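Raw final.cif, mmCIF, N, CA, C and O atoms:
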data_data
#
loop_
_atom_site.label_atom_id
_atom_site.label_comp_id
_atom_site.auth_asym_id
_atom_site.auth_seq_id
_atom_site.Cartn_x
_atom_site.Cartn_y
_atom_site.Cartn_z
N MET A 1 -175.27 163.99 -182.97
CA MET A 1 -175.54 162.70 -183.60
C MET A 1 -174.64 162.56 -184.82
O MET A 1 -174.55 163.45 -185.64
N THR A 2 -173.97 161.44 -184.94
CA THR A 2 -173.07 161.17 -186.05
C THR A 2 -173.71 160.14 -186.96
O THR A 2 -174.26 159.17 -186.50
N SER A 3 -173.61 160.37 -188.25
CA SER A 3 -174.12 159.37 -189.18
C SER A 3 -172.95 158.74 -189.91
O SER A 3 -171.94 159.39 -190.16
N GLN A 4 -173.08 157.45 -190.21
CA GLN A 4 -172.04 156.75 -190.93
C GLN A 4 -172.50 156.53 -192.36
O GLN A 4 -173.67 156.23 -192.61
N LEU A 5 -171.57 156.69 -193.29
CA LEU A 5 -171.88 156.49 -194.69
C LEU A 5 -171.78 155.01 -195.04
O LEU A 5 -170.85 154.33 -194.61
N THR A 6 -172.71 154.55 -195.83
CA THR A 6 -172.66 153.18 -196.32
C THR A 6 -171.93 153.18 -197.66
O THR A 6 -171.68 154.23 -198.24
N SER A 7 -171.60 152.00 -198.16
CA SER A 7 -170.94 151.93 -199.47
C SER A 7 -171.86 152.48 -200.55
O SER A 7 -171.40 153.09 -201.51
N THR A 8 -173.17 152.31 -200.41
CA THR A 8 -174.12 152.87 -201.37
C THR A 8 -174.06 154.39 -201.34
O THR A 8 -174.08 155.04 -202.39
N ASP A 9 -173.96 154.98 -200.15
CA ASP A 9 -173.84 156.43 -200.03
C ASP A 9 -172.59 156.91 -200.74
O ASP A 9 -172.60 157.93 -201.44
N LEU A 10 -171.48 156.19 -200.57
CA LEU A 10 -170.22 156.60 -201.19
C LEU A 10 -170.31 156.52 -202.70
O LEU A 10 -169.80 157.39 -203.40
N VAL A 11 -170.96 155.48 -203.22
CA VAL A 11 -171.12 155.36 -204.67
C VAL A 11 -171.98 156.51 -205.18
O VAL A 11 -171.68 157.12 -206.20
N THR A 12 -173.05 156.84 -204.46
CA THR A 12 -173.91 157.95 -204.85
C THR A 12 -173.14 159.26 -204.83
O THR A 12 -173.25 160.07 -205.74
N MET A 13 -172.33 159.45 -203.79
CA MET A 13 -171.54 160.67 -203.71
C MET A 13 -170.54 160.74 -204.86
O MET A 13 -170.33 161.78 -205.45
N ALA A 14 -169.92 159.60 -205.19
CA ALA A 14 -168.97 159.58 -206.29
C ALA A 14 -169.67 159.96 -207.59
O ALA A 14 -169.13 160.72 -208.38
N GLY A 15 -170.90 159.45 -207.79
CA GLY A 15 -171.65 159.80 -208.98
C GLY A 15 -171.93 161.29 -209.03
O GLY A 15 -171.90 161.91 -210.09
N ALA A 16 -172.18 161.88 -207.88
CA ALA A 16 -172.46 163.30 -207.81
C ALA A 16 -171.23 164.13 -208.19
O ALA A 16 -171.35 165.29 -208.54
N GLU A 17 -170.05 163.54 -208.10
CA GLU A 17 -168.82 164.24 -208.46
C GLU A 17 -168.49 164.10 -209.94
O GLU A 17 -167.38 164.39 -210.35
N GLY A 18 -169.42 163.65 -210.73
CA GLY A 18 -169.21 163.59 -212.17
C GLY A 18 -168.88 162.23 -212.73
O GLY A 18 -168.69 162.10 -213.94
N TRP A 19 -168.80 161.20 -211.91
CA TRP A 19 -168.54 159.86 -212.41
C TRP A 19 -169.80 159.30 -213.06
O TRP A 19 -170.90 159.49 -212.56
N SER A 20 -169.62 158.57 -214.14
CA SER A 20 -170.75 157.91 -214.82
C SER A 20 -171.25 156.77 -213.95
O SER A 20 -170.59 156.34 -213.01
N ASP A 21 -172.40 156.26 -214.32
CA ASP A 21 -172.87 155.00 -213.75
C ASP A 21 -171.93 153.90 -214.25
O ASP A 21 -171.20 154.07 -215.22
N THR A 22 -171.96 152.75 -213.60
CA THR A 22 -171.16 151.60 -214.04
C THR A 22 -171.75 151.05 -215.32
O THR A 22 -172.96 150.84 -215.42
N MET A 23 -170.88 150.85 -216.31
CA MET A 23 -171.31 150.36 -217.63
C MET A 23 -170.54 149.10 -217.99
O MET A 23 -169.45 148.86 -217.47
N ASP A 24 -171.13 148.30 -218.88
CA ASP A 24 -170.42 147.13 -219.41
C ASP A 24 -169.24 147.61 -220.26
O ASP A 24 -169.37 148.57 -221.02
N ALA A 25 -168.11 146.93 -220.12
CA ALA A 25 -166.94 147.28 -220.92
C ALA A 25 -167.20 146.99 -222.39
O ALA A 25 -167.90 146.04 -222.74
N ASN A 26 -166.63 147.83 -223.23
CA ASN A 26 -166.76 147.67 -224.68
C ASN A 26 -165.36 147.42 -225.28
O ASN A 26 -164.38 147.31 -224.55
N GLN A 27 -165.28 147.34 -226.59
CA GLN A 27 -164.00 147.05 -227.25
C GLN A 27 -162.97 148.16 -226.99
O GLN A 27 -161.78 147.88 -226.82
N GLU A 28 -163.40 149.40 -226.93
CA GLU A 28 -162.47 150.51 -226.66
C GLU A 28 -161.81 150.34 -225.28
O GLU A 28 -160.60 150.51 -225.14
N ILE A 29 -162.61 149.97 -224.28
CA ILE A 29 -162.08 149.77 -222.93
C ILE A 29 -161.17 148.55 -222.90
O ILE A 29 -160.10 148.57 -222.27
N GLN A 30 -161.54 147.48 -223.61
CA GLN A 30 -160.67 146.29 -223.68
C GLN A 30 -159.34 146.63 -224.33
O GLN A 30 -158.29 146.15 -223.89
N THR A 31 -159.36 147.44 -225.38
CA THR A 31 -158.12 147.84 -226.06
C THR A 31 -157.20 148.59 -225.11
O THR A 31 -155.99 148.34 -225.09
N ILE A 32 -157.75 149.47 -224.30
CA ILE A 32 -156.96 150.19 -223.29
C ILE A 32 -156.33 149.18 -222.33
O ILE A 32 -155.14 149.26 -222.01
N CYS A 33 -157.12 148.23 -221.86
CA CYS A 33 -156.61 147.21 -220.93
C CYS A 33 -155.50 146.39 -221.57
O CYS A 33 -154.46 146.12 -220.94
N ASP A 34 -155.69 145.98 -222.83
CA ASP A 34 -154.68 145.21 -223.54
C ASP A 34 -153.36 145.99 -223.63
O ASP A 34 -152.28 145.42 -223.43
N GLN A 35 -153.45 147.28 -223.91
CA GLN A 35 -152.26 148.12 -224.03
C GLN A 35 -151.55 148.29 -222.69
O GLN A 35 -150.32 148.37 -222.64
N GLU A 36 -152.30 148.34 -221.61
CA GLU A 36 -151.73 148.61 -220.29
C GLU A 36 -151.37 147.35 -219.50
O GLU A 36 -150.73 147.43 -218.46
N LYS A 37 -151.75 146.18 -220.02
CA LYS A 37 -151.50 144.92 -219.30
C LYS A 37 -150.04 144.73 -218.90
O LYS A 37 -149.77 144.39 -217.74
N PRO A 38 -149.05 144.94 -219.79
CA PRO A 38 -147.66 144.74 -219.38
C PRO A 38 -147.26 145.61 -218.18
O PRO A 38 -146.58 145.14 -217.26
N GLN A 39 -147.68 146.87 -218.19
CA GLN A 39 -147.33 147.75 -217.08
C GLN A 39 -148.04 147.33 -215.79
O GLN A 39 -147.47 147.37 -214.70
N VAL A 40 -149.31 146.90 -215.89
CA VAL A 40 -150.05 146.43 -214.72
C VAL A 40 -149.35 145.20 -214.14
O VAL A 40 -149.19 145.07 -212.92
N GLN A 41 -148.91 144.29 -215.00
CA GLN A 41 -148.21 143.09 -214.54
C GLN A 41 -146.91 143.45 -213.82
O GLN A 41 -146.57 142.87 -212.80
N THR A 42 -146.21 144.44 -214.33
CA THR A 42 -144.98 144.91 -213.68
C THR A 42 -145.31 145.51 -212.32
O THR A 42 -144.63 145.22 -211.32
N MET A 43 -146.36 146.31 -212.25
CA MET A 43 -146.74 146.96 -211.00
C MET A 43 -147.17 145.95 -209.93
O MET A 43 -146.89 146.13 -208.75
N THR A 44 -147.88 144.90 -210.35
CA THR A 44 -148.44 143.94 -209.39
C THR A 44 -147.54 142.73 -209.16
O THR A 44 -147.75 141.99 -208.20
N GLY A 45 -146.59 142.51 -210.05
CA GLY A 45 -145.74 141.33 -209.94
C GLY A 45 -146.44 140.05 -210.34
O GLY A 45 -145.98 138.96 -210.04
N ALA A 46 -147.58 140.19 -211.01
CA ALA A 46 -148.37 139.03 -211.42
C ALA A 46 -148.25 138.82 -212.93
O ALA A 46 -147.98 139.76 -213.68
N ASN A 47 -148.48 137.58 -213.37
CA ASN A 47 -148.51 137.26 -214.79
C ASN A 47 -149.91 136.79 -215.11
O ASN A 47 -150.26 135.64 -214.87
N TYR A 48 -150.74 137.68 -215.63
CA TYR A 48 -152.15 137.38 -215.87
C TYR A 48 -152.32 136.69 -217.22
O TYR A 48 -151.94 137.22 -218.25
N VAL A 49 -152.93 135.50 -217.19
CA VAL A 49 -153.30 134.81 -218.43
C VAL A 49 -154.58 135.46 -218.96
O VAL A 49 -154.68 135.84 -220.12
N ASP A 50 -155.57 135.58 -218.07
CA ASP A 50 -156.81 136.29 -218.42
C ASP A 50 -156.64 137.76 -218.07
O ASP A 50 -156.02 138.10 -217.07
N PHE A 51 -157.20 138.64 -218.90
CA PHE A 51 -157.17 140.08 -218.62
C PHE A 51 -158.31 140.70 -219.42
O PHE A 51 -158.12 141.32 -220.45
N LYS A 52 -159.54 140.49 -218.91
CA LYS A 52 -160.74 140.88 -219.64
C LYS A 52 -161.48 142.00 -218.92
O LYS A 52 -161.92 141.83 -217.78
N ALA A 53 -161.61 143.13 -219.59
CA ALA A 53 -162.38 144.25 -219.04
C ALA A 53 -163.84 143.82 -218.93
O ALA A 53 -164.40 143.26 -219.87
N VAL A 54 -164.45 144.08 -217.76
CA VAL A 54 -165.82 143.65 -217.51
C VAL A 54 -166.75 144.85 -217.36
O VAL A 54 -167.79 144.92 -218.01
N LYS A 55 -166.38 145.78 -216.50
CA LYS A 55 -167.19 146.97 -216.22
C LYS A 55 -166.28 148.18 -216.15
O LYS A 55 -165.07 148.06 -215.93
N TYR A 56 -166.88 149.37 -216.30
CA TYR A 56 -166.08 150.57 -216.15
C TYR A 56 -166.96 151.77 -215.80
O TYR A 56 -168.18 151.74 -215.96
N ARG A 57 -166.29 152.80 -215.31
CA ARG A 57 -166.91 154.11 -215.07
C ARG A 57 -165.94 155.15 -215.60
O ARG A 57 -164.73 154.93 -215.62
N ASN A 58 -166.46 156.29 -216.03
CA ASN A 58 -165.58 157.35 -216.49
C ASN A 58 -166.03 158.70 -215.95
O ASN A 58 -167.16 158.85 -215.49
N LYS A 59 -165.11 159.65 -216.01
CA LYS A 59 -165.36 161.01 -215.55
C LYS A 59 -164.58 161.94 -216.46
O LYS A 59 -163.36 161.82 -216.58
N SER A 60 -165.28 162.86 -217.11
CA SER A 60 -164.61 163.85 -217.94
C SER A 60 -163.88 164.85 -217.06
O SER A 60 -164.43 165.34 -216.07
N VAL A 61 -162.63 165.11 -217.41
CA VAL A 61 -161.81 166.09 -216.71
C VAL A 61 -161.11 166.94 -217.77
O VAL A 61 -161.09 166.58 -218.95
N ARG A 62 -160.53 168.03 -217.32
CA ARG A 62 -159.82 168.90 -218.26
C ARG A 62 -158.74 168.11 -218.99
O ARG A 62 -157.90 167.48 -218.37
N GLY A 63 -158.82 168.10 -220.30
CA GLY A 63 -157.79 167.46 -221.11
C GLY A 63 -157.96 165.97 -221.33
O GLY A 63 -157.11 165.35 -221.97
N GLY A 64 -159.03 165.36 -220.83
CA GLY A 64 -159.20 163.93 -221.04
C GLY A 64 -160.28 163.34 -220.17
O GLY A 64 -161.29 163.98 -219.88
N GLN A 65 -160.05 162.11 -219.73
CA GLN A 65 -161.02 161.45 -218.86
C GLN A 65 -160.31 160.52 -217.87
O GLN A 65 -159.24 159.98 -218.17
N ASN A 66 -160.91 160.38 -216.71
CA ASN A 66 -160.48 159.39 -215.74
C ASN A 66 -161.33 158.15 -215.94
O ASN A 66 -162.52 158.25 -216.26
N LEU A 67 -160.73 156.99 -215.75
CA LEU A 67 -161.43 155.72 -215.90
C LEU A 67 -161.17 154.85 -214.68
O LEU A 67 -160.06 154.87 -214.13
N ILE A 68 -162.16 154.09 -214.29
CA ILE A 68 -162.00 153.00 -213.33
C ILE A 68 -162.54 151.77 -214.04
O ILE A 68 -163.69 151.77 -214.50
N ILE A 69 -161.72 150.74 -214.14
CA ILE A 69 -162.09 149.56 -214.91
C ILE A 69 -161.96 148.31 -214.04
O ILE A 69 -160.94 148.12 -213.37
N LYS A 70 -163.00 147.48 -214.06
CA LYS A 70 -162.95 146.16 -213.40
C LYS A 70 -162.46 145.16 -214.44
O LYS A 70 -163.04 145.04 -215.52
N VAL A 71 -161.38 144.45 -214.11
CA VAL A 71 -160.76 143.50 -215.04
C VAL A 71 -160.76 142.10 -214.42
O VAL A 71 -160.29 141.92 -213.30
N PHE A 72 -161.29 141.13 -215.16
CA PHE A 72 -161.25 139.72 -214.76
C PHE A 72 -159.85 139.20 -215.06
O PHE A 72 -159.37 139.32 -216.19
N VAL A 73 -159.19 138.62 -214.03
CA VAL A 73 -157.82 138.14 -214.21
C VAL A 73 -157.67 136.64 -213.93
O VAL A 73 -156.56 136.14 -213.80
N GLY A 74 -158.78 135.92 -213.86
CA GLY A 74 -158.71 134.47 -213.71
C GLY A 74 -159.41 133.95 -212.48
O GLY A 74 -159.48 134.63 -211.46
N GLU A 75 -159.94 132.74 -212.60
CA GLU A 75 -160.71 132.08 -211.55
C GLU A 75 -161.80 133.02 -211.03
O GLU A 75 -162.65 133.42 -211.80
N ASP A 76 -161.76 133.39 -209.75
CA ASP A 76 -162.74 134.33 -209.20
C ASP A 76 -162.09 135.67 -208.87
O ASP A 76 -162.59 136.41 -208.03
N ASP A 77 -160.98 135.97 -209.52
CA ASP A 77 -160.18 137.13 -209.17
C ASP A 77 -160.36 138.28 -210.16
O ASP A 77 -160.39 138.06 -211.38
N TYR A 78 -160.47 139.48 -209.60
CA TYR A 78 -160.61 140.70 -210.39
C TYR A 78 -159.64 141.74 -209.85
O TYR A 78 -159.22 141.66 -208.69
N ILE A 79 -159.29 142.70 -210.69
CA ILE A 79 -158.56 143.87 -210.23
C ILE A 79 -159.32 145.10 -210.70
O ILE A 79 -160.13 145.03 -211.63
N HIS A 80 -159.08 146.23 -210.03
CA HIS A 80 -159.63 147.51 -210.45
C HIS A 80 -158.48 148.40 -210.87
O HIS A 80 -157.47 148.50 -210.15
N LEU A 81 -158.61 149.02 -212.02
CA LEU A 81 -157.60 149.94 -212.53
C LEU A 81 -158.12 151.37 -212.46
O LEU A 81 -159.27 151.62 -212.83
N SER A 82 -157.29 152.27 -212.02
CA SER A 82 -157.59 153.70 -212.07
C SER A 82 -156.65 154.30 -213.12
O SER A 82 -155.42 154.18 -213.01
N LEU A 83 -157.23 154.90 -214.16
CA LEU A 83 -156.44 155.39 -215.29
C LEU A 83 -156.82 156.83 -215.63
O LEU A 83 -157.94 157.27 -215.38
N TYR A 84 -155.88 157.53 -216.25
CA TYR A 84 -156.16 158.83 -216.85
C TYR A 84 -155.85 158.70 -218.34
O TYR A 84 -154.77 158.24 -218.71
N GLU A 85 -156.83 159.07 -219.17
CA GLU A 85 -156.66 159.01 -220.62
C GLU A 85 -156.75 160.43 -221.18
O GLU A 85 -157.84 160.98 -221.31
N PRO A 86 -155.60 161.04 -221.51
CA PRO A 86 -155.63 162.38 -222.09
C PRO A 86 -156.13 162.31 -223.53
O PRO A 86 -155.99 161.28 -224.20
N PHE A 87 -156.70 163.41 -224.00
CA PHE A 87 -157.20 163.45 -225.38
C PHE A 87 -156.07 163.29 -226.39
O PHE A 87 -156.27 162.79 -227.47
N ASP A 88 -154.87 163.74 -226.02
CA ASP A 88 -153.78 163.77 -227.00
C ASP A 88 -152.52 163.05 -226.53
O ASP A 88 -151.42 163.42 -226.90
N GLY A 89 -152.70 162.00 -225.74
CA GLY A 89 -151.49 161.33 -225.25
C GLY A 89 -151.73 159.91 -224.81
O GLY A 89 -152.77 159.31 -225.07
N LYS A 90 -150.74 159.39 -224.11
CA LYS A 90 -150.74 157.99 -223.67
C LYS A 90 -151.49 157.85 -222.35
O LYS A 90 -151.37 158.67 -221.46
N VAL A 91 -152.23 156.76 -222.23
CA VAL A 91 -152.95 156.44 -221.00
C VAL A 91 -151.95 156.30 -219.85
O VAL A 91 -150.87 155.74 -220.02
N GLN A 92 -152.32 156.82 -218.68
CA GLN A 92 -151.48 156.73 -217.49
C GLN A 92 -152.20 155.92 -216.43
O GLN A 92 -153.35 156.22 -216.11
N ILE A 93 -151.52 154.92 -215.88
CA ILE A 93 -152.09 154.13 -214.79
C ILE A 93 -151.88 154.91 -213.50
O ILE A 93 -150.76 155.29 -213.17
N ARG A 94 -152.96 155.15 -212.80
CA ARG A 94 -152.87 155.90 -211.55
C ARG A 94 -152.91 155.00 -210.32
O ARG A 94 -152.49 155.39 -209.25
N GLY A 95 -153.46 153.80 -210.48
CA GLY A 95 -153.52 152.89 -209.35
C GLY A 95 -154.12 151.55 -209.75
O GLY A 95 -154.82 151.46 -210.75
N VAL A 96 -153.82 150.54 -208.93
CA VAL A 96 -154.35 149.19 -209.13
C VAL A 96 -154.80 148.66 -207.78
O VAL A 96 -154.05 148.74 -206.80
N LYS A 97 -156.02 148.14 -207.72
CA LYS A 97 -156.50 147.44 -206.52
C LYS A 97 -156.59 145.97 -206.88
O LYS A 97 -157.28 145.59 -207.83
N GLN A 98 -155.90 145.14 -206.11
CA GLN A 98 -155.91 143.70 -206.35
C GLN A 98 -156.90 143.01 -205.42
O GLN A 98 -157.44 143.62 -204.50
N LYS A 99 -157.11 141.73 -205.69
CA LYS A 99 -157.98 140.88 -204.87
C LYS A 99 -159.39 141.45 -204.74
O LYS A 99 -159.97 141.51 -203.67
N ARG A 100 -159.94 141.87 -205.85
CA ARG A 100 -161.32 142.34 -205.93
C ARG A 100 -162.20 141.15 -206.32
O ARG A 100 -161.71 140.14 -206.82
N THR A 101 -163.50 141.28 -206.11
CA THR A 101 -164.44 140.23 -206.49
C THR A 101 -165.39 140.75 -207.58
O THR A 101 -165.44 141.96 -207.84
N LYS A 102 -166.14 139.84 -208.15
CA LYS A 102 -167.12 140.21 -209.17
C LYS A 102 -168.14 141.20 -208.61
O LYS A 102 -168.62 142.08 -209.31
N GLU A 103 -168.45 141.07 -207.32
CA GLU A 103 -169.48 141.91 -206.70
C GLU A 103 -168.97 143.27 -206.23
O GLU A 103 -169.77 144.17 -205.98
N ASP A 104 -167.66 143.45 -206.11
CA ASP A 104 -167.14 144.73 -205.61
C ASP A 104 -167.55 145.89 -206.51
O ASP A 104 -167.43 145.80 -207.74
N GLU A 105 -168.04 146.96 -205.88
CA GLU A 105 -168.42 148.17 -206.62
C GLU A 105 -167.19 148.85 -207.19
O GLU A 105 -166.11 148.81 -206.60
N LEU A 106 -167.37 149.50 -208.32
CA LEU A 106 -166.30 150.33 -208.90
C LEU A 106 -166.42 151.72 -208.30
O LEU A 106 -167.32 152.48 -208.67
N THR A 107 -165.56 152.03 -207.37
CA THR A 107 -165.58 153.34 -206.73
C THR A 107 -164.23 154.01 -206.93
O THR A 107 -163.20 153.34 -206.97
N PRO A 108 -164.22 155.34 -207.06
CA PRO A 108 -162.94 156.03 -207.18
C PRO A 108 -162.05 155.72 -205.99
O PRO A 108 -162.55 155.57 -204.86
N PHE A 109 -160.76 155.56 -206.25
CA PHE A 109 -159.84 155.29 -205.14
C PHE A 109 -158.60 156.15 -205.31
O PHE A 109 -158.23 156.52 -206.41
N PRO A 110 -157.96 156.43 -204.16
CA PRO A 110 -156.75 157.27 -204.22
C PRO A 110 -155.67 156.63 -205.07
O PRO A 110 -155.55 155.40 -205.10
N ASN A 111 -154.92 157.46 -205.72
CA ASN A 111 -153.87 156.98 -206.62
C ASN A 111 -152.54 156.92 -205.91
O ASN A 111 -152.27 157.62 -205.02
#
Representation of the structure as structure tokens:
Amino acid sequence: MTSQLTSTDLVTMAGAEGWSDTMDANQEIQTICDQEKPQVQTMTGANYVDFKAVKYRNKSVRGGQNLIIKVFVGEDDYIHLSLYEPFDGKVQIRGVKQKRTKEDELTPFPN
């Protein structure tokens, strides 16, 4: 018998791997997004007028933390950012998922 995982199962499994619950974005998360906006625009080829951090999750790792951030980019459009923030260095963008919705869960994704 084979069982299929639901998106809820995957979110639960991700949480079990050390990811925080989804939290409302704060000023620190918005500042990271503001700093990384030019690079995200270069990566996606888009020119975002709106770029507002809405939700995020984090995971402590050796030397820093991994972040997944949901960013409102206008109308009904959102993107998800996968970032690494070292304790002593510059934030690194690991991946961007485009065409996300307000309802899409923040789940870890391959970089």
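Non-sequential neighbours of Tyr78 (chain A) (distance at most 9 Å, separation of 6 or more positions within a chain, only C-alpha atoms) are Phe51, Lys70, Val71, Phe72, Lys97, Gln98, Lys99, Arg100, Thr101 and Lys102 of chain A.
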Inset, instruction - Calculate how many Å separate atom O of Thr44 (chain A) from CA of Thr22 (chain A), rounding to one decimal. - result: 26.0 Å
Inset, instruction - Apply the PyMOL selection byres (((chain A and resi 63 and name CA) around 10) and name CA) to the structure shown and report the selected residues as a VMD selection string. - result: chain A and resid 60 to 62 64 to 65 84 to 89
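Of note, CA of Gly74 (chain A) and CA of Ser20 (chain A) are spaced 26.4 Å apart.
Applied to the shown file, the PyMOL selection byres ((chain A and resi 21) around 8) selects the residues Val11, Gly15, Gly18, Trp19, Ser20, Thr22, Met23, Asp24, Lys55, Tyr56, Arg57, Asn58, Ile68 and Leu106 of chain A.
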Inset, instruction - Would you please extract all strand (DSSP E or B) residues from chain A, as assigned by DSSP on the backbone, and give them as number ranges by chain? - result: A: 23-24, 52-61, 64-74, 77-86, 92-100
Inset, instruction - Using DSSP on the backbone, list every residue of region 7-70 of chain A that comes out as alpha helix (DSSP H), and give them as a PyMOL selection string. - result: chain A and resi 7-16+27-44
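Distance annotation: of A:Asn47, A:Gln92, A:Ile69, A:Pro38, the residue with the minimal separation from Ala25 (chain A) is A:Ile69; atom set is only C-alpha atoms.
Between atom C of Pro110 (chain A) and atom N of Glu28 (chain A) lies a distance of 24.3 Å.
Shell of Arg94 (chain A) at 5 Å, with only N, CA, C and O atoms counted and residues fewer than 2 places along the chain excluded, is Ser82, Leu83, Gln92, Val96 and Asn111 of chain A.
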Inset, instruction - Please tell me which residues are no farther than 12 Å from (-148.7, 145.7, -217.4) in the file, counting only C-alpha atoms, and write them as a PyMOL selection string. - result: chain A and resi 32-49+51+81+92-93+95-96
Inset, instruction - Go through A:Val91, A:Lys59, A:Glu17, A:Asn66 and flag the residue nearest Thr31 (chain A), using only C-alpha atoms for the distances. - result: A:Val91
Inset, instruction - Check the smallest atom-to-atom distance from each of A:Ala53, A:Leu67, A:Val73, A:Ile79 to Phe109 (chain A) using all atoms listed in the file, then report the winner. - result: A:Leu67
Model the absent atoms of region 72-79 of chain A so that all heavy atoms are present, and write the result as a PDB file, in the frame of the given file.
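Wrote it out as rebuild_14.pdb, contents follow:
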ATOM      1  N   PHE A  72    -161.290 141.130-215.160  1.00  0.00           N
ATOM      2  CA  PHE A  72    -161.250 139.720-214.760  1.00  0.00           C
ATOM      3  C   PHE A  72    -159.850 139.200-215.060  1.00  0.00           C
ATOM      4  O   PHE A  72    -159.370 139.320-216.190  1.00  0.00           O
ATOM      5  CB  PHE A  72    -162.297 138.918-215.527  1.00  0.00           C
ATOM      6  CG  PHE A  72    -162.202 137.439-215.311  1.00  0.00           C
ATOM      7  CD1 PHE A  72    -162.615 136.867-214.125  1.00  0.00           C
ATOM      8  CD2 PHE A  72    -161.682 136.625-216.308  1.00  0.00           C
ATOM      9  CE1 PHE A  72    -162.526 135.497-213.929  1.00  0.00           C
ATOM     10  CE2 PHE A  72    -161.581 135.255-216.120  1.00  0.00           C
ATOM     11  CZ  PHE A  72    -162.008 134.694-214.927  1.00  0.00           C
ATOM     12  N   VAL A  73    -159.190 138.620-214.030  1.00  0.00           N
ATOM     13  CA  VAL A  73    -157.820 138.140-214.210  1.00  0.00           C
ATOM     14  C   VAL A  73    -157.670 136.640-213.930  1.00  0.00           C
ATOM     15  O   VAL A  73    -156.560 136.140-213.800  1.00  0.00           O
ATOM     16  CB  VAL A  73    -156.812 138.965-213.371  1.00  0.00           C
ATOM     17  CG1 VAL A  73    -156.715 140.383-213.899  1.00  0.00           C
ATOM     18  CG2 VAL A  73    -157.156 138.944-211.892  1.00  0.00           C
ATOM     19  N   GLY A  74    -158.780 135.920-213.860  1.00  0.00           N
ATOM     20  CA  GLY A  74    -158.710 134.470-213.710  1.00  0.00           C
ATOM     21  C   GLY A  74    -159.410 133.950-212.480  1.00  0.00           C
ATOM     22  O   GLY A  74    -159.480 134.630-211.460  1.00  0.00           O
ATOM     23  N   GLU A  75    -159.940 132.740-212.600  1.00  0.00           N
ATOM     24  CA  GLU A  75    -160.710 132.080-211.550  1.00  0.00           C
ATOM     25  C   GLU A  75    -161.800 133.020-211.030  1.00  0.00           C
ATOM     26  O   GLU A  75    -162.650 133.420-211.800  1.00  0.00           O
ATOM     27  CB  GLU A  75    -159.785 131.561-210.452  1.00  0.00           C
ATOM     28  CG  GLU A  75    -158.823 130.503-210.972  1.00  0.00           C
ATOM     29  CD  GLU A  75    -157.989 129.869-209.903  1.00  0.00           C
ATOM     30  OE1 GLU A  75    -158.419 129.846-208.732  1.00  0.00           O
ATOM     31  OE2 GLU A  75    -156.899 129.373-210.239  1.00  0.00           O
ATOM     32  N   ASP A  76    -161.760 133.390-209.750  1.00  0.00           N
ATOM     33  CA  ASP A  76    -162.740 134.330-209.200  1.00  0.00           C
ATOM     34  C   ASP A  76    -162.090 135.670-208.870  1.00  0.00           C
ATOM     35  O   ASP A  76    -162.590 136.410-208.030  1.00  0.00           O
ATOM     36  CB  ASP A  76    -163.373 133.751-207.919  1.00  0.00           C
ATOM     37  CG  ASP A  76    -164.217 132.520-208.207  1.00  0.00           C
ATOM     38  OD1 ASP A  76    -164.836 132.476-209.282  1.00  0.00           O
ATOM     39  OD2 ASP A  76    -164.236 131.603-207.364  1.00  0.00           O
ATOM     40  N   ASP A  77    -160.980 135.970-209.520  1.00  0.00           N
ATOM     41  CA  ASP A  77    -160.180 137.130-209.170  1.00  0.00           C
ATOM     42  C   ASP A  77    -160.360 138.280-210.160  1.00  0.00           C
ATOM     43  O   ASP A  77    -160.390 138.060-211.380  1.00  0.00           O
ATOM     44  CB  ASP A  77    -158.699 136.734-209.083  1.00  0.00           C
ATOM     45  CG  ASP A  77    -157.869 137.693-208.267  1.00  0.00           C
ATOM     46  OD1 ASP A  77    -158.438 138.529-207.534  1.00  0.00           O
ATOM     47  OD2 ASP A  77    -156.626 137.611-208.363  1.00  0.00           O
ATOM     48  N   TYR A  78    -160.470 139.480-209.600  1.00  0.00           N
ATOM     49  CA  TYR A  78    -160.610 140.700-210.390  1.00  0.00           C
ATOM     50  C   TYR A  78    -159.640 141.740-209.850  1.00  0.00           C
ATOM     51  O   TYR A  78    -159.220 141.660-208.690  1.00  0.00           O
ATOM     52  CB  TYR A  78    -162.030 141.255-210.283  1.00  0.00           C
ATOM     53  CG  TYR A  78    -163.075 140.376-210.929  1.00  0.00           C
ATOM     54  CD1 TYR A  78    -163.533 139.219-210.305  1.00  0.00           C
ATOM     55  CD2 TYR A  78    -163.601 140.697-212.172  1.00  0.00           C
ATOM     56  CE1 TYR A  78    -164.487 138.405-210.903  1.00  0.00           C
ATOM     57  CE2 TYR A  78    -164.562 139.890-212.767  1.00  0.00           C
ATOM     58  CZ  TYR A  78    -164.996 138.749-212.131  1.00  0.00           C
ATOM     59  OH  TYR A  78    -165.941 137.956-212.730  1.00  0.00           O
ATOM     60  N   ILE A  79    -159.290 142.700-210.690  1.00  0.00           N
ATOM     61  CA  ILE A  79    -158.560 143.870-210.230  1.00  0.00           C
ATOM     62  C   ILE A  79    -159.320 145.100-210.700  1.00  0.00           C
ATOM     63  O   ILE A  79    -160.130 145.030-211.630  1.00  0.00           O
ATOM     64  CB  ILE A  79    -157.100 143.906-210.758  1.00  0.00           C
ATOM     65  CG1 ILE A  79    -157.059 143.935-212.286  1.00  0.00           C
ATOM     66  CG2 ILE A  79    -156.291 142.746-210.206  1.00  0.00           C
ATOM     67  CD1 ILE A  79    -155.668 144.149-212.859  1.00  0.00           C
TER      68      ILE A  79
END
